[in-house]
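*Asks:* Starting off with a structure, shown below.
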Amino acid sequence: QGKTPACEDNEFRAYSHSEIARDAATIKNSVVMHLTTTFLRTPDSMDSGHAYLASAFSVRDRLLQRWNLTNEYHSNIGAKTIYYMSLEFLVGRTFDNALLALQLRDEYAGVLGDVGFRLEDIIDEERDAALGNGGLGRLAACYVDSMASSNYPGWGYGLRYRYGMFQQQIINGYQVEAPDCWLDSPNPWEFPRADVTYPVKFYGHLVRDPEVSYRYKWESNVVYDAMAFDMPVPGYGTENVGNIRLWSCKTNGLFDLNKFNAGDYQGATGGQVAAQILTDVLYPNDNTNEGKELRLRQEFLFCSATLQDIIARFKKTGKPMTQLPELAAIQLNDTHPTLGIPELMRILIDEEGLSWDEAWDTTTKTFAFTNHTVLPEAMEKWPVPMMDKILPRHMGIIYDINLFFLQSVEERFPKDRELLRNISIIEESNSQQVRMAYLACVGSHKVNGVAAIHSDIIKQTIFKDFVRIQGEDKFINKTNGVSPRRWVNECNPDMSRLITEAVGDRSWINDLTKLKVLESKVDDKEFRQSWWEAKQKNKARLAEYILATTGINVSPDALFDVQVKRIHEYKRQLMNILGVIYRYHRLKQMSAAERTKELHRVVVFAGKAAAGYWVAKQVIKLINSVAEVVNSDEEIGDVLKVVFIPDYSVTAAEYIIPASDISQHISTAGTEASGTSNMKFVLNGGIILGTVDGANIEIGEEVGEEQIFFFGCLAHEVDEFRHYLRFHQPKPDEALQAAFDMIQSNTFGDAHIFQPLIDAVLCGGDVYLLTVDFPSYVEAHKAVEAAYRQHDDWVTKSILSVSRMAKFSSDRAVQEYAEEIWNIEPAPVGKSTV
Ligand code: CR6
């Protein structure tokens with residue numbers, strides 16, 4: 001009863017459960033079908049853009065089929081699901097990733113080859129989905145990849161920004177931002193769900209329930225519709241397909257026909273514009289918080305739609321709301337989704353009729369929170385008046401959460417006013433502020449940092465009092481990880497082939513502990529030679545990319561020295577370029593004969609600066625100015641080249657990372673929570689030059705101290721140095737002084753432009769401790785050079801490092817989250833295919 005005739009049709013059922021076709025004829029047929037019927041082209045008018053689209057849609061068909069089976073299965077068995085809430089998902093490209101996951105790469109290459117296209121060119125037609133700033137957004141993408149590949153029932157939730165991370169152009173050495181209109185051409189990797197739409201309210205007023213004093217009705221006529229777009233996430237070597245559900249503000253119903261009829265054309269579309277702006281742009285800030293009203297509204301739209309969706313799915317089970325934590329775990333990726341906590345409270349109390357205590361118990365059992373930074377400028381705080389105006393009901397709930405929390409603390413620590421002030425979710429500053437990290441902490445059953453040192457630091461700083469009140473066990477560490485699918489198998493095919501040969505099969509792609517066998521290959525001459533050649537090939541590929549993007553010719557025979565990441569003072573790209581300037585200064589002092597003995601080096605930079613971050617933008621200008629002078633200095637030639645690759649992205653990283661010999665992760669100790677590119681570089685056979693910070697430390701522990709170059713002061717020394725430098729003039733050593741002198745004598749153009757960068761060090765208290773770390777930084781570079789000259793030892797370091805990197809797989813990280821925080825189990829749909 002209630003079944004449609006179609007469901008009883010055996011052919012329908014069989015097709016929906018059928019195996020993925022792998023034969024050339026069927027693939028060809030599906031590509032041609034999309035070419036002709038989805039894109040209205042003919043085989044004769046197929047260009048590479050349409051070859052990509054038709055192939056991508058054909059792959060997508062296969063993914064969607066598995067998507068359905070996965071979700072049907074998980075809901076049938078009543079699997080507990082993890083919902084990973086993140087305002088950023090830095091996915092990058094999907095086509096190649098999906099082909100590899102489905103193990104259809106050769107098949108599609110063959111089919112496309114038959115009509116004269118190279119798969120590599122077709123792959124290049126895809127635009128990145130750049131819905132994130134940096135590490136935090138890429139981490140979210142790696143985690144959903146691992147959930148799918150490890151068969152955990154898991155969904156990502158985020159926003160579908162119309163404009164992703166801005167495109168960076170370099171004009172006259174300066175960063176210029178251009179919008180990233182990534183949805184201008186059809187996007188095969190999203191599936192619009194007009195039927196999955198939720199109303200999200202803003203502003204308005206409250207009507208108190210006559211019977212229950214803490215229950216309210218929230219009335220408002222400012223209501224927007226959030227509509228779902230699903231992005232399938234292919235699991236590798238499994239039939240499971242995960243999902244990232246992204247919300248977009250719907251504008252359809254907001255056209256004002258009356259205004260239009262009265263001739264007010266602009267007014268007629270005003271409502272649509274107001275709605276659309278909510279999901280228009282990704283805020284391009286990394287590790288900073290800009291208390292913008294639009295951002296708060298974005299965050300709420302995201303949280304409200306997500307919570308409504310999770311609850312709607314849960315309600316289909318018919319179970320009482322208090323059992324929500326048995327079927328759903330919600331992870332907050334930083335504080336950006338924290339409004340999910342009061343939103344769940346509101347739904348449970350005002351709409352589902354739960355008591356406050358039941359609602360609070362259910363909420364705290366459902367949520368867990370990951371902190372990603374200790375930088376004070378990144379801590380989200382919202383002015384109480386702003387929150388009260390936009391979200392009056394949530395402000396009330398936050399007040400109550402705070403009241404009950406403070407009361408419970410007061411009971412245990414009577415009369416400790418200082419303590420109460422310190423832990424209050426409401427900061428008593430001029431215009432009170434809601435401290436989102438505290439709200440996230442109080443509303444969650446577990447709080448974690450993202451590397452061992454970082455998790456320790458947060459327990460001693462921002463959450464110190466909370467550890468005392470809520471107990472040590474609540475605060476744990478989950479060291480970040482990266483997906484071996486994208487960050488080895490996809491981006492480094494040659495090295496991957498070698499690993500597969502050594503392991504005997506491809507199982508390592510889902511189980512990095514298999515890398516251990518490489519250790520036994522370290523003395524195998526032939527293997528070592530192939531390892532070296534794979535790196536050289538990757539360097540040649542990057543050299544081509546550099547030529548294409550910058551016009552600069554570099555030789556793959558040089559040492560490739562790479563620092564690619566967001567431009568930020570704490571990451572100290574300034575120290576790197578000052579080191580380059582010092583190197584240039586030394587080279588200029590040498591005789592031509594002396595210079596011929598020098599190790600050739602290509603210094604590669606890439607990264608975006610937040611549009612409003614002036615100092616970071618000046619650093620980009622300095623790097624480009626130095627590059628211009630050094631690269632055109634005929635005396636120097638190939639001994640030193642400096643390159644700034646514009647528009648850093650996931651795709652650019654896939655070219656750059658496999659080609660590095662040495663990569664720099666040189667944040668002031670204690671400032672980089674974890675870093676994740678450090679893991680990617682080492683997994684691709686590169687060596688790290690880094691500070692004793694973030695995940696560098698754990699990487700060093702795993703690979704062994706011979707395999708990493710550490711320098712600089714330690715995290716526990718930083719406060720003392722900073723304090724000293726506030727009251728004493730920083731003293732640059734001779735090398736640093738030489739670099740400053742070179743800038744100040746206009747070697748790289750008008751010195752005035754760069755004076756503020758020098759002043760920040762010499763007159764601004766040198767907050768990032770360049771004068772402290774520069775001498776050991778220069779020494780560390782010397783050690784790197786000496787080591788690289790011993791090619792044989794270097795290859796040993798490279799192979800050993802990779803063999804010991806299992807810990808940094810996001811599969812390990814996700815498994816730890818699943819077991820210790822989410823309490824969920826793998827639920828494979830079918831059999832494993834690796
Ligand atoms: N900027 C940290 O700074 C960490 C990632 C992912 C960051 C970085 O060290 O690896 O998160 N923090 O955990 C934030 O974005 C707040 C980042 O990407």
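In the structure tokens, chains take letters A, B, ... by order of appearance, with residues numbered from 1 within each chain and ligands from 1 in the order shown.
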Within 9 Å of Ile20 (chain A), counting only C-alpha atoms, which residues show up once you throw out same-chain ones fewer than 6 positions away? Write them as a ChimeraX atom specification, please.

*Replies:* /A:62,65-66,102

*Asks:* Ligand 1: which residues are within 7 Å, counting only C-alpha atoms and all ligand atoms? Reply as number ranges by chain.

*Replies:* A: 134-137, 139, 286-287, 334, 372-373, 378, 450, 480, 672-676, 694

*Asks:* Mind dumping the selected residues with N, CA and C atoms as an mmCIF file, in the first residue's frame?

*Replies:*
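So the final result, stored in out.cif, reads:
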```
data_model
loop_
_atom_site.group_PDB
_atom_site.id
_atom_site.type_symbol
_atom_site.label_atom_id
_atom_site.label_comp_id
_atom_site.auth_asym_id
_atom_site.auth_seq_id
_atom_site.Cartn_x
_atom_site.Cartn_y
_atom_site.Cartn_z
ATOM 1 N N GLY A 134 41.403 28.549 4.154
ATOM 2 C CA GLY A 134 42.699 27.901 4.288
ATOM 3 C C GLY A 134 42.539 26.577 5.000
ATOM 4 N N GLY A 135 43.400 26.357 5.995
ATOM 5 C CA GLY A 135 43.481 25.052 6.653
ATOM 6 C C GLY A 135 42.166 24.559 7.227
ATOM 7 N N LEU A 136 41.423 25.458 7.864
ATOM 8 C CA LEU A 136 40.180 25.033 8.520
ATOM 9 C C LEU A 136 39.176 24.475 7.513
ATOM 10 N N GLY A 137 39.044 25.148 6.372
ATOM 11 C CA GLY A 137 38.094 24.716 5.354
ATOM 12 C C GLY A 137 38.561 23.452 4.647
ATOM 13 N N LEU A 139 40.485 21.203 6.013
ATOM 14 C CA LEU A 139 40.343 20.123 6.998
ATOM 15 C C LEU A 139 38.935 19.533 6.924
ATOM 16 N N ASP A 286 41.069 34.754 7.357
ATOM 17 C CA ASP A 286 41.623 33.548 7.950
ATOM 18 C C ASP A 286 42.146 33.965 9.318
ATOM 19 N N ASN A 287 41.649 33.293 10.350
ATOM 20 C CA ASN A 287 42.144 33.607 11.687
ATOM 21 C C ASN A 287 41.901 35.042 12.147
ATOM 22 N N ASP A 334 35.073 25.019 14.714
ATOM 23 C CA ASP A 334 35.310 26.356 15.257
ATOM 24 C C ASP A 334 33.998 26.967 15.766
ATOM 25 N N HIS A 372 40.241 26.020 16.914
ATOM 26 C CA HIS A 372 41.323 25.997 15.922
ATOM 27 C C HIS A 372 42.333 27.121 16.078
ATOM 28 N N THR A 373 42.238 27.889 17.124
ATOM 29 C CA THR A 373 43.193 28.996 17.210
ATOM 30 C C THR A 373 43.256 29.564 18.622
ATOM 31 N N ALA A 378 41.109 36.372 16.462
ATOM 32 C CA ALA A 378 40.210 35.444 15.771
ATOM 33 C C ALA A 378 39.023 35.040 16.633
ATOM 34 N N VAL A 450 43.605 20.933 18.050
ATOM 35 C CA VAL A 450 43.899 20.250 16.793
ATOM 36 C C VAL A 450 45.340 19.750 16.652
ATOM 37 N N ASN A 480 45.094 16.997 13.866
ATOM 38 C CA ASN A 480 44.565 17.037 12.495
ATOM 39 C C ASN A 480 45.163 15.940 11.619
ATOM 40 N N GLU A 672 50.662 28.788 15.687
ATOM 41 C CA GLU A 672 49.986 27.967 14.670
ATOM 42 C C GLU A 672 49.364 26.775 15.379
ATOM 43 N N ALA A 673 48.029 26.721 15.376
ATOM 44 C CA ALA A 673 47.371 25.669 16.140
ATOM 45 C C ALA A 673 47.898 24.290 15.722
ATOM 46 N N SER A 674 47.885 24.037 14.431
ATOM 47 C CA SER A 674 48.380 22.743 13.953
ATOM 48 C C SER A 674 49.155 22.914 12.659
ATOM 49 N N GLY A 675 48.471 23.488 11.655
ATOM 50 C CA GLY A 675 49.017 23.446 10.311
ATOM 51 C C GLY A 675 48.643 22.082 9.749
ATOM 52 N N THR A 676 48.335 22.034 8.463
ATOM 53 C CA THR A 676 48.058 20.741 7.847
ATOM 54 C C THR A 676 48.881 20.574 6.578
ATOM 55 N N GLY A 694 52.769 23.757 16.613
ATOM 56 C CA GLY A 694 51.678 23.020 15.972
ATOM 57 C C GLY A 694 52.030 21.555 15.754
#
```

*Asks:* Counting only C-alpha atoms, which of A:Leu578, A:Ala305, A:Val176, A:Leu542 gets nearest to Ala610 (chain A)?

*Replies:* A:Val176

*Asks:* Quick one: pick out all alpha helix (DSSP H) residues within region 334-437 of chain A from a backbone DSSP run and write them as a PyMOL selection string.

*Replies:* chain A and resi 340-346+356-366+384-390+392-412+417-423+436-437

*Asks:* Grab the residues selected above and save them as a JSON list (two decimals), in the first residue's frame with C-alpha atoms.

*Replies:*
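Okay, selection-v4.json is ready:
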```json
[["chain", "number", "residue", "atom", "x", "y", "z"],
["A", 340, "GLY", "CA", 23.35, 25.86, 16.52],
["A", 341, "ILE", "CA", 23.32, 25.43, 20.29],
["A", 342, "PRO", "CA", 20.70, 28.08, 21.15],
["A", 343, "GLU", "CA", 18.84, 27.19, 17.95],
["A", 344, "LEU", "CA", 18.49, 23.57, 19.04],
["A", 345, "MET", "CA", 17.39, 24.79, 22.49],
["A", 346, "ARG", "CA", 14.77, 27.01, 20.88],
["A", 356, "TRP", "CA", 14.54, 23.42, 29.88],
["A", 357, "ASP", "CA", 16.46, 20.64, 31.62],
["A", 358, "GLU", "CA", 15.51, 18.00, 29.05],
["A", 359, "ALA", "CA", 16.43, 20.35, 26.23],
["A", 360, "TRP", "CA", 19.75, 21.27, 27.78],
["A", 361, "ASP", "CA", 20.66, 17.66, 28.46],
["A", 362, "THR", "CA", 19.79, 16.69, 24.88],
["A", 363, "THR", "CA", 21.71, 19.63, 23.43],
["A", 364, "THR", "CA", 24.94, 19.14, 25.35],
["A", 365, "LYS", "CA", 24.95, 15.42, 24.57],
["A", 366, "THR", "CA", 24.61, 16.19, 20.87],
["A", 384, "VAL", "CA", 24.80, 41.94, 22.75],
["A", 385, "PRO", "CA", 22.71, 44.77, 21.20],
["A", 386, "MET", "CA", 23.35, 43.38, 17.70],
["A", 387, "MET", "CA", 22.46, 39.84, 18.71],
["A", 388, "ASP", "CA", 19.41, 41.06, 20.60],
["A", 389, "LYS", "CA", 18.12, 42.93, 17.58],
["A", 390, "ILE", "CA", 18.70, 40.21, 14.99],
["A", 392, "PRO", "CA", 15.96, 38.20, 20.17],
["A", 393, "ARG", "CA", 14.95, 34.68, 21.12],
["A", 394, "HIS", "CA", 18.50, 33.35, 20.94],
["A", 395, "MET", "CA", 19.82, 36.22, 23.01],
["A", 396, "GLY", "CA", 17.30, 35.30, 25.68],
["A", 397, "ILE", "CA", 18.31, 31.65, 25.58],
["A", 398, "ILE", "CA", 22.00, 32.58, 25.82],
["A", 399, "TYR", "CA", 21.24, 34.73, 28.89],
["A", 400, "ASP", "CA", 19.51, 31.77, 30.51],
["A", 401, "ILE", "CA", 22.26, 29.31, 29.60],
["A", 402, "ASN", "CA", 24.72, 31.73, 31.17],
["A", 403, "LEU", "CA", 22.57, 32.29, 34.26],
["A", 404, "PHE", "CA", 22.21, 28.58, 35.00],
["A", 405, "PHE", "CA", 25.88, 27.98, 34.30],
["A", 406, "LEU", "CA", 27.04, 30.80, 36.58],
["A", 407, "GLN", "CA", 24.64, 29.64, 39.30],
["A", 408, "SER", "CA", 26.12, 26.16, 39.22],
["A", 409, "VAL", "CA", 29.63, 27.59, 39.43],
["A", 410, "GLU", "CA", 28.68, 29.92, 42.27],
["A", 411, "GLU", "CA", 27.43, 26.91, 44.23],
["A", 412, "ARG", "CA", 30.77, 25.18, 43.94],
["A", 417, "ARG", "CA", 33.47, 37.02, 41.69],
["A", 418, "GLU", "CA", 36.63, 37.12, 39.64],
["A", 419, "LEU", "CA", 36.02, 33.56, 38.48],
["A", 420, "LEU", "CA", 32.41, 34.35, 37.57],
["A", 421, "ARG", "CA", 33.47, 37.37, 35.57],
["A", 422, "ASN", "CA", 36.15, 35.39, 33.76],
["A", 423, "ILE", "CA", 33.93, 32.52, 32.67],
["A", 436, "MET", "CA", 31.12, 32.41, 21.29],
["A", 437, "ALA", "CA", 33.99, 30.14, 22.35]]
```

*Asks:* Could you check how far CA of Ser745 (chain A) sits from CA of Ala558 (chain A), in Å to one decimal?

*Replies:*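 Separation between CA of Ser745 (chain A) and CA of Ala558 (chain A): 29.2 Å.
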
*Asks:* Neighbours of Arg572 (chain A) within 8 Å (only C-alpha atoms; same-chain residues fewer than 6 positions away dropped), as a ChimeraX atom specification?

*Replies:* /A:666-668,768

*Asks:* With distances taken over only C-alpha atoms, which of A:Gln460, A:Ser483, A:Asn371, A:Asn240 is nearest to Trp67 (chain A)?

*Replies:* A:Asn240

*Asks:* Pick from A:Ser150, A:Asn333, A:Gln168, A:Asn553: nearest to Asn448 (chain A), with only C-alpha atoms counted?

*Replies:*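 Checking each of A:Ser150, A:Asn333, A:Gln168, A:Asn553 against Asn448 (chain A), counting only C-alpha atoms, the winner is A:Asn333.
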
*Asks:* Give me the residues near Lys731 (chain A) as a PyMOL selection string, where near means some atom within 12 Å (using only C-alpha atoms) and where sequence neighbours in that chain fewer than 6 positions away do not count.

*Replies:* chain A and resi 724-725+737+761-763+765-766+769-775

*Asks:* Write a file of the just-selected residues containing C-alpha atoms, as an mmCIF file, in the first residue's frame.

*Replies:*
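See part.cif below for the written result:
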```
data_model
loop_
_atom_site.group_PDB
_atom_site.id
_atom_site.type_symbol
_atom_site.label_atom_id
_atom_site.label_comp_id
_atom_site.auth_asym_id
_atom_site.auth_seq_id
_atom_site.Cartn_x
_atom_site.Cartn_y
_atom_site.Cartn_z
ATOM 1 C CA TYR A 724 61.299 42.064 27.241
ATOM 2 C CA LEU A 725 60.900 43.485 23.740
ATOM 3 C CA GLN A 737 70.576 44.142 9.725
ATOM 4 C CA VAL A 761 60.098 44.726 14.046
ATOM 5 C CA LEU A 762 62.321 47.529 15.305
ATOM 6 C CA CYS A 763 59.811 49.955 16.791
ATOM 7 C CA GLY A 765 57.959 45.474 19.887
ATOM 8 C CA ASP A 766 58.713 42.709 17.358
ATOM 9 C CA LEU A 769 59.993 37.605 17.437
ATOM 10 C CA LEU A 770 61.903 37.929 14.164
ATOM 11 C CA THR A 771 64.962 39.334 15.893
ATOM 12 C CA VAL A 772 64.889 36.453 18.353
ATOM 13 C CA ASP A 773 64.592 33.661 15.790
ATOM 14 C CA PHE A 774 66.502 35.028 12.803
ATOM 15 C CA PRO A 775 69.985 33.811 13.811
#
```

*Asks:* Write out as a list in words the residues lying within 9 Å of Tyr52 (chain A), counting only C-alpha atoms and excluding same-chain residues fewer than 3 positions away.

*Replies:*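 Answer for this query is Asp47, Ser48, Gly49, Ser55, Ala56, Phe57, Phe95, Leu119, Asp121, Ile122, Ile123, Asp124, Glu125 and Glu126 of chain A.
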
*Asks:* Rank A:Lys782, A:Lys641, A:Arg127, A:Arg162 by their smallest atom-to-atom distance to Val602 (chain A), using only C-alpha atoms, and report the top residue only.

*Replies:*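 When distances to Val602 (chain A) are compared using only C-alpha atoms, the smallest one comes from A:Lys641.
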
*Asks:* For region 654-658 of chain A, list every protein, DNA or RNA residue within 7 Å, evaluated using only C-alpha atoms, and leave out those in the same chain fewer than 2 positions away; present the list as a PyMOL selection string.

*Replies:* chain A and resi 491-492+538+542+650-652+660+681+684

*Asks:* Write out the residues from the selection above, keeping N, CA and C atoms, as a JSON list (two decimals), in the first residue's frame.

*Replies:*
```
[["chain", "number", "residue", "atom", "x", "y", "z"],
["A", 491, "CYS", "N", 47.49, 13.77, -6.16],
["A", 491, "CYS", "CA", 48.41, 14.85, -6.55],
["A", 491, "CYS", "C", 49.80, 14.33, -6.90],
["A", 492, "ASN", "N", 50.10, 13.09, -6.56],
["A", 492, "ASN", "CA", 51.45, 12.58, -6.79],
["A", 492, "ASN", "C", 51.41, 11.16, -7.39],
["A", 538, "ASN", "N", 58.14, 15.70, -10.56],
["A", 538, "ASN", "CA", 57.20, 16.65, -9.96],
["A", 538, "ASN", "C", 57.75, 18.07, -9.99],
["A", 542, "LEU", "N", 56.19, 21.35, -11.79],
["A", 542, "LEU", "CA", 55.99, 22.65, -11.13],
["A", 542, "LEU", "C", 56.71, 23.76, -11.91],
["A", 650, "VAL", "N", 43.56, 25.08, -3.87],
["A", 650, "VAL", "CA", 43.75, 23.64, -3.67],
["A", 650, "VAL", "C", 44.45, 23.05, -4.89],
["A", 651, "THR", "N", 43.99, 23.45, -6.08],
["A", 651, "THR", "CA", 44.59, 22.90, -7.30],
["A", 651, "THR", "C", 46.06, 23.30, -7.43],
["A", 652, "ALA", "N", 46.36, 24.57, -7.13],
["A", 652, "ALA", "CA", 47.77, 24.99, -7.18],
["A", 652, "ALA", "C", 48.59, 24.17, -6.18],
["A", 660, "SER", "N", 58.17, 19.86, -3.63],
["A", 660, "SER", "CA", 59.06, 20.57, -2.73],
["A", 660, "SER", "C", 60.15, 19.66, -2.18],
["A", 681, "PHE", "N", 53.25, 18.05, 2.87],
["A", 681, "PHE", "CA", 54.60, 18.12, 2.30],
["A", 681, "PHE", "C", 55.41, 16.88, 2.66],
["A", 684, "ASN", "N", 54.57, 13.78, 0.89],
["A", 684, "ASN", "CA", 55.00, 13.77, -0.50],
["A", 684, "ASN", "C", 56.52, 13.78, -0.63]]
```

*Asks:* I'd like to know which of A:Asp811, A:Asp230, A:Asp9, A:Glu533 is closest to Asp145 (chain A), using only C-alpha atoms.

*Replies:* A:Asp811

*Asks:* List the neighbours of Tyr788 (chain A) out to 9 Å using only C-alpha atoms; skip same-chain residues closer than 6 positions along the sequence, and give me the result as a PyMOL selection string.

*Replies:* chain A and resi 559+599+661+794

*Asks:* Among region 92-286 of chain A, which residues does DSSP mark as strand (DSSP E) when it is run on the backbone? Keep the chain and numbering as in the structure and answer as number ranges by chain.

*Replies:* A: 92, 129-131, 154-159, 167-171, 174-178, 191-202, 205-208, 216-219, 222-234, 241-250

*Asks:* Output C-alpha atoms for every residue in the selection just made, as an mmCIF file, in the first residue's frame.

*Replies:*
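Output saved as again_29.cif:
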```cif
data_model
loop_
_atom_site.group_PDB
_atom_site.id
_atom_site.type_symbol
_atom_site.label_atom_id
_atom_site.label_comp_id
_atom_site.auth_asym_id
_atom_site.auth_seq_id
_atom_site.Cartn_x
_atom_site.Cartn_y
_atom_site.Cartn_z
ATOM 1 C CA GLY A 92 38.871 22.062 -4.772
ATOM 2 C CA ALA A 129 35.073 24.879 -5.341
ATOM 3 C CA ALA A 130 36.854 27.390 -3.118
ATOM 4 C CA LEU A 131 34.349 27.705 -0.286
ATOM 5 C CA GLY A 154 28.447 11.397 8.027
ATOM 6 C CA TRP A 155 27.320 14.599 6.415
ATOM 7 C CA GLY A 156 28.979 17.974 6.142
ATOM 8 C CA TYR A 157 26.762 21.039 6.451
ATOM 9 C CA GLY A 158 27.777 24.449 5.115
ATOM 10 C CA LEU A 159 26.816 27.410 2.948
ATOM 11 C CA GLN A 167 40.898 35.296 -7.085
ATOM 12 C CA GLN A 168 44.242 36.892 -6.483
ATOM 13 C CA GLN A 169 45.942 38.821 -9.240
ATOM 14 C CA ILE A 170 49.354 40.336 -8.844
ATOM 15 C CA ILE A 171 49.537 43.725 -10.480
ATOM 16 C CA TYR A 174 50.520 44.125 -5.343
ATOM 17 C CA GLN A 175 47.659 41.769 -4.590
ATOM 18 C CA VAL A 176 44.448 42.738 -6.362
ATOM 19 C CA GLU A 177 41.248 40.836 -5.580
ATOM 20 C CA ALA A 178 38.750 39.723 -8.212
ATOM 21 C CA PHE A 191 22.451 18.552 -6.801
ATOM 22 C CA PRO A 192 19.772 21.197 -6.176
ATOM 23 C CA ARG A 193 16.997 20.157 -3.820
ATOM 24 C CA ALA A 194 14.137 22.564 -4.282
ATOM 25 C CA ASP A 195 12.057 20.305 -2.031
ATOM 26 C CA VAL A 196 14.458 20.649 0.906
ATOM 27 C CA THR A 197 13.832 24.213 1.972
ATOM 28 C CA TYR A 198 13.413 25.721 5.437
ATOM 29 C CA PRO A 199 12.216 29.131 6.570
ATOM 30 C CA VAL A 200 14.723 31.094 8.663
ATOM 31 C CA LYS A 201 13.525 34.026 10.755
ATOM 32 C CA PHE A 202 15.317 37.213 11.766
ATOM 33 C CA HIS A 205 9.470 40.096 18.788
ATOM 34 C CA LEU A 206 8.659 37.508 21.445
ATOM 35 C CA VAL A 207 5.380 36.462 22.997
ATOM 36 C CA ARG A 208 5.703 34.659 26.308
ATOM 37 C CA TYR A 216 8.193 31.849 23.885
ATOM 38 C CA LYS A 217 6.665 32.336 20.516
ATOM 39 C CA TRP A 218 9.004 34.189 18.169
ATOM 40 C CA GLU A 219 7.090 36.287 15.662
ATOM 41 C CA VAL A 222 11.493 38.796 8.070
ATOM 42 C CA VAL A 223 11.732 35.222 6.867
ATOM 43 C CA TYR A 224 14.139 33.805 4.294
ATOM 44 C CA ASP A 225 14.074 30.392 2.689
ATOM 45 C CA ALA A 226 17.253 28.334 2.804
ATOM 46 C CA MET A 227 17.383 25.729 0.059
ATOM 47 C CA ALA A 228 19.663 22.663 0.058
ATOM 48 C CA PHE A 229 22.270 21.782 -2.555
ATOM 49 C CA ASP A 230 23.900 18.387 -2.087
ATOM 50 C CA MET A 231 27.489 17.675 -3.078
ATOM 51 C CA PRO A 232 28.201 13.938 -3.205
ATOM 52 C CA VAL A 233 31.456 12.933 -1.535
ATOM 53 C CA PRO A 234 32.885 9.796 -3.141
ATOM 54 C CA VAL A 241 29.051 8.089 -0.884
ATOM 55 C CA GLY A 242 28.922 10.883 1.657
ATOM 56 C CA ASN A 243 27.310 14.272 1.351
ATOM 57 C CA ILE A 244 27.976 17.931 1.923
ATOM 58 C CA ARG A 245 24.688 19.771 2.195
ATOM 59 C CA LEU A 246 25.092 23.471 1.407
ATOM 60 C CA TRP A 247 22.390 26.075 1.971
ATOM 61 C CA SER A 248 21.563 28.820 -0.462
ATOM 62 C CA CYS A 249 19.085 31.629 0.106
ATOM 63 C CA LYS A 250 16.100 31.280 -2.157
#
```

*Asks:* Here is a test: counting only C-alpha atoms, which residue of A:Lys831, A:Lys621, A:His791, A:Arg497 is nearest to Glu239 (chain A)?

*Replies:*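 Among the listed residues, A:Lys831 lies closest to Glu239 (chain A).
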
*Asks:* Between CA of Ala787 (chain A) and CA of Glu706 (chain A), what distance in Å does the model show, to one decimal?

*Replies:*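 CA of Glu706 (chain A) lies 10.1 Å from CA of Ala787 (chain A).
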